$ cat run-v3.tsv   # TSV, C-alpha atoms and all ligand atoms
chain	number	residue	atom	x	y	z
A	19	MET	CA	-24.67	118.61	-110.84
A	20	GLY	CA	-26.88	118.25	-107.83
A	21	VAL	CA	-24.51	120.41	-105.87
A	22	ARG	CA	-25.77	123.51	-104.12
A	23	GLY	CA	-22.38	124.97	-103.42
A	24	VAL	CA	-18.84	124.92	-104.63
A	25	VAL	CA	-15.50	125.64	-103.10
A	26	VAL	CA	-13.30	127.82	-105.26
A	27	TRP	CA	-9.58	127.68	-104.70
A	28	CYS	CA	-7.23	130.26	-106.08
A	29	ALA	CA	-5.11	128.78	-108.85
A	30	ASN	CA	-2.11	130.52	-107.35
A	31	TYR	CA	-0.78	128.04	-104.84
A	32	ARG	CA	1.17	130.73	-103.07
A	33	CYS	CA	-2.07	132.53	-102.42
A	34	SER	CA	-4.20	129.46	-101.70
A	35	HIS	CA	-7.17	131.66	-100.99
A	36	TRP	CA	-10.45	129.79	-101.10
A	37	VAL	CA	-14.05	130.70	-100.82
A	38	ALA	CA	-17.20	128.66	-100.58
A	39	ILE	CA	-19.93	130.04	-102.80
A	40	SER	CA	-23.39	129.04	-103.83
A	41	ALA	CA	-23.90	127.43	-107.20
A	42	ASP	CA	-27.46	128.65	-107.41
A	43	PRO	CA	-26.79	131.48	-109.91
A	44	TRP	CA	-25.52	128.96	-112.43
A	45	PRO	CA	-27.58	126.49	-114.39
A	46	ASP	CA	-26.95	122.87	-113.61
A	47	GLN	CA	-25.32	122.45	-116.97
A	48	THR	CA	-22.61	124.94	-116.18
A	49	PRO	CA	-19.32	123.09	-116.31
A	50	LEU	CA	-16.98	123.70	-113.41
A	51	SER	CA	-14.22	124.48	-115.87
A	52	ASP	CA	-16.28	127.41	-117.05
A	53	ILE	CA	-16.42	128.79	-113.54
A	54	GLU	CA	-12.71	128.21	-113.11
A	55	GLU	CA	-11.92	130.38	-116.10
A	56	ARG	CA	-14.14	133.24	-115.04
A	57	PHE	CA	-13.21	133.36	-111.41
A	58	VAL	CA	-10.98	136.16	-110.23
A	59	CYS	CA	-9.38	135.80	-106.83
A	60	THR	CA	-10.46	138.46	-104.40
A	61	ALA	CA	-7.25	138.09	-102.43
A	62	CYS	CA	-4.52	138.30	-105.06
A	63	GLY	CA	-6.57	139.35	-108.09
A	64	GLY	CA	-5.29	136.41	-110.10
A	65	ARG	CA	-7.40	134.71	-112.68
A	66	GLY	CA	-8.16	131.05	-112.67
A	67	ALA	CA	-9.29	128.80	-109.91
A	68	ASP	CA	-9.79	125.24	-108.88
A	69	VAL	CA	-13.47	124.57	-108.39
A	70	ARG	CA	-14.71	121.61	-106.42
A	71	PRO	CA	-18.17	120.62	-105.37
A	72	ASN	CA	-18.93	121.52	-101.81
A	73	TRP	CA	-20.80	118.47	-100.65
A	74	SER	CA	-20.88	119.49	-97.04
A	75	THR	CA	-21.71	122.96	-95.85
A	76	LYS	CA	-20.44	122.19	-92.39
A	77	GLY	CA	-16.97	120.85	-92.90
A	78	ARG	CA	-14.11	122.93	-94.14
A	79	PRO	CA	-12.18	121.82	-97.17
A	80	ARG	CA	-8.79	120.51	-96.31
A	81	ALA	CA	-5.68	122.17	-97.57
A	82	THR	CA	-3.59	119.57	-99.28
A	83	ALA	CA	-0.81	121.81	-100.53
A	84	GLY	CA	0.77	122.18	-97.12
A	85	ARG	CA	2.03	125.54	-96.14
B	101	ZN	ZN	-5.42	134.34	-104.92

$ encode --input "run-v3.tsv" --output "C-alpha cells" --more "lines below"
Ligand SMILES: [Zn+2]
Amino acid sequence: MGVRGVVVWCANYRCSHWVAISADPWPDQTPLSDIEERFVCTACGGRGADVRPNWSTKGRPRATAGR
C-alpha cells in the first residue's frame, strides 16, 4: 500500500470514535477490508470499522458526519 499508518473509524456513526494506528504489523498485501472486519472499537466495543490510509501523520482526519 505504501502507507505507514491508517486511520480507523468506528463503524457506529453514533460513536464516531477513531484512532490512528500504524500499519507496520500488517503485510503490504493486507486489504483494508480485512482490517475493517477484525477491528473492535475500544470506545463502544462494536465490531467493524472504516479504515482509511493515513497519508499525513500531522493533520487530523476531518469528521464528515457532522455531530
Ligand atoms: Zn465505537

$ closest_residue --input "run-v3.tsv" --among "A:Pro71, A:Arg65, A:Arg56, A:Cys33" --to "ligand ZN 101 (chain B)" --atoms "all atoms listed in the file"
A:Cys33

$ residues_near_ligand --input "run-v3.tsv" --ligand "ligand ZN 101 (chain B)" --cutoff "12 Å" --atoms "only C-alpha atoms and all ligand atoms" --output "list of chain:residue names"
A:Val26, A:Trp27, A:Cys28, A:Ala29, A:Asn30, A:Tyr31, A:Arg32, A:Cys33, A:Ser34, A:His35, A:Trp36, A:Val37, A:Phe57, A:Val58, A:Cys59, A:Thr60, A:Ala61, A:Cys62, A:Gly63, A:Gly64, A:Arg65, A:Gly66, A:Ala67, A:Asp68

$ closest_residue --input "run-v3.tsv" --among "A:Val69, A:Arg22, A:Ala38, A:Pro43" --to "Glu55 of chain A" --atoms "only C-alpha atoms"
A:Val69

$ residues_around --input "run-v3.tsv" --residues "Asn72 of chain A" --least-positions-apart "4" --cutoff "6 Å" --atoms "all atoms listed in the file" --output "ChimeraX atom specification"
/A:23-25
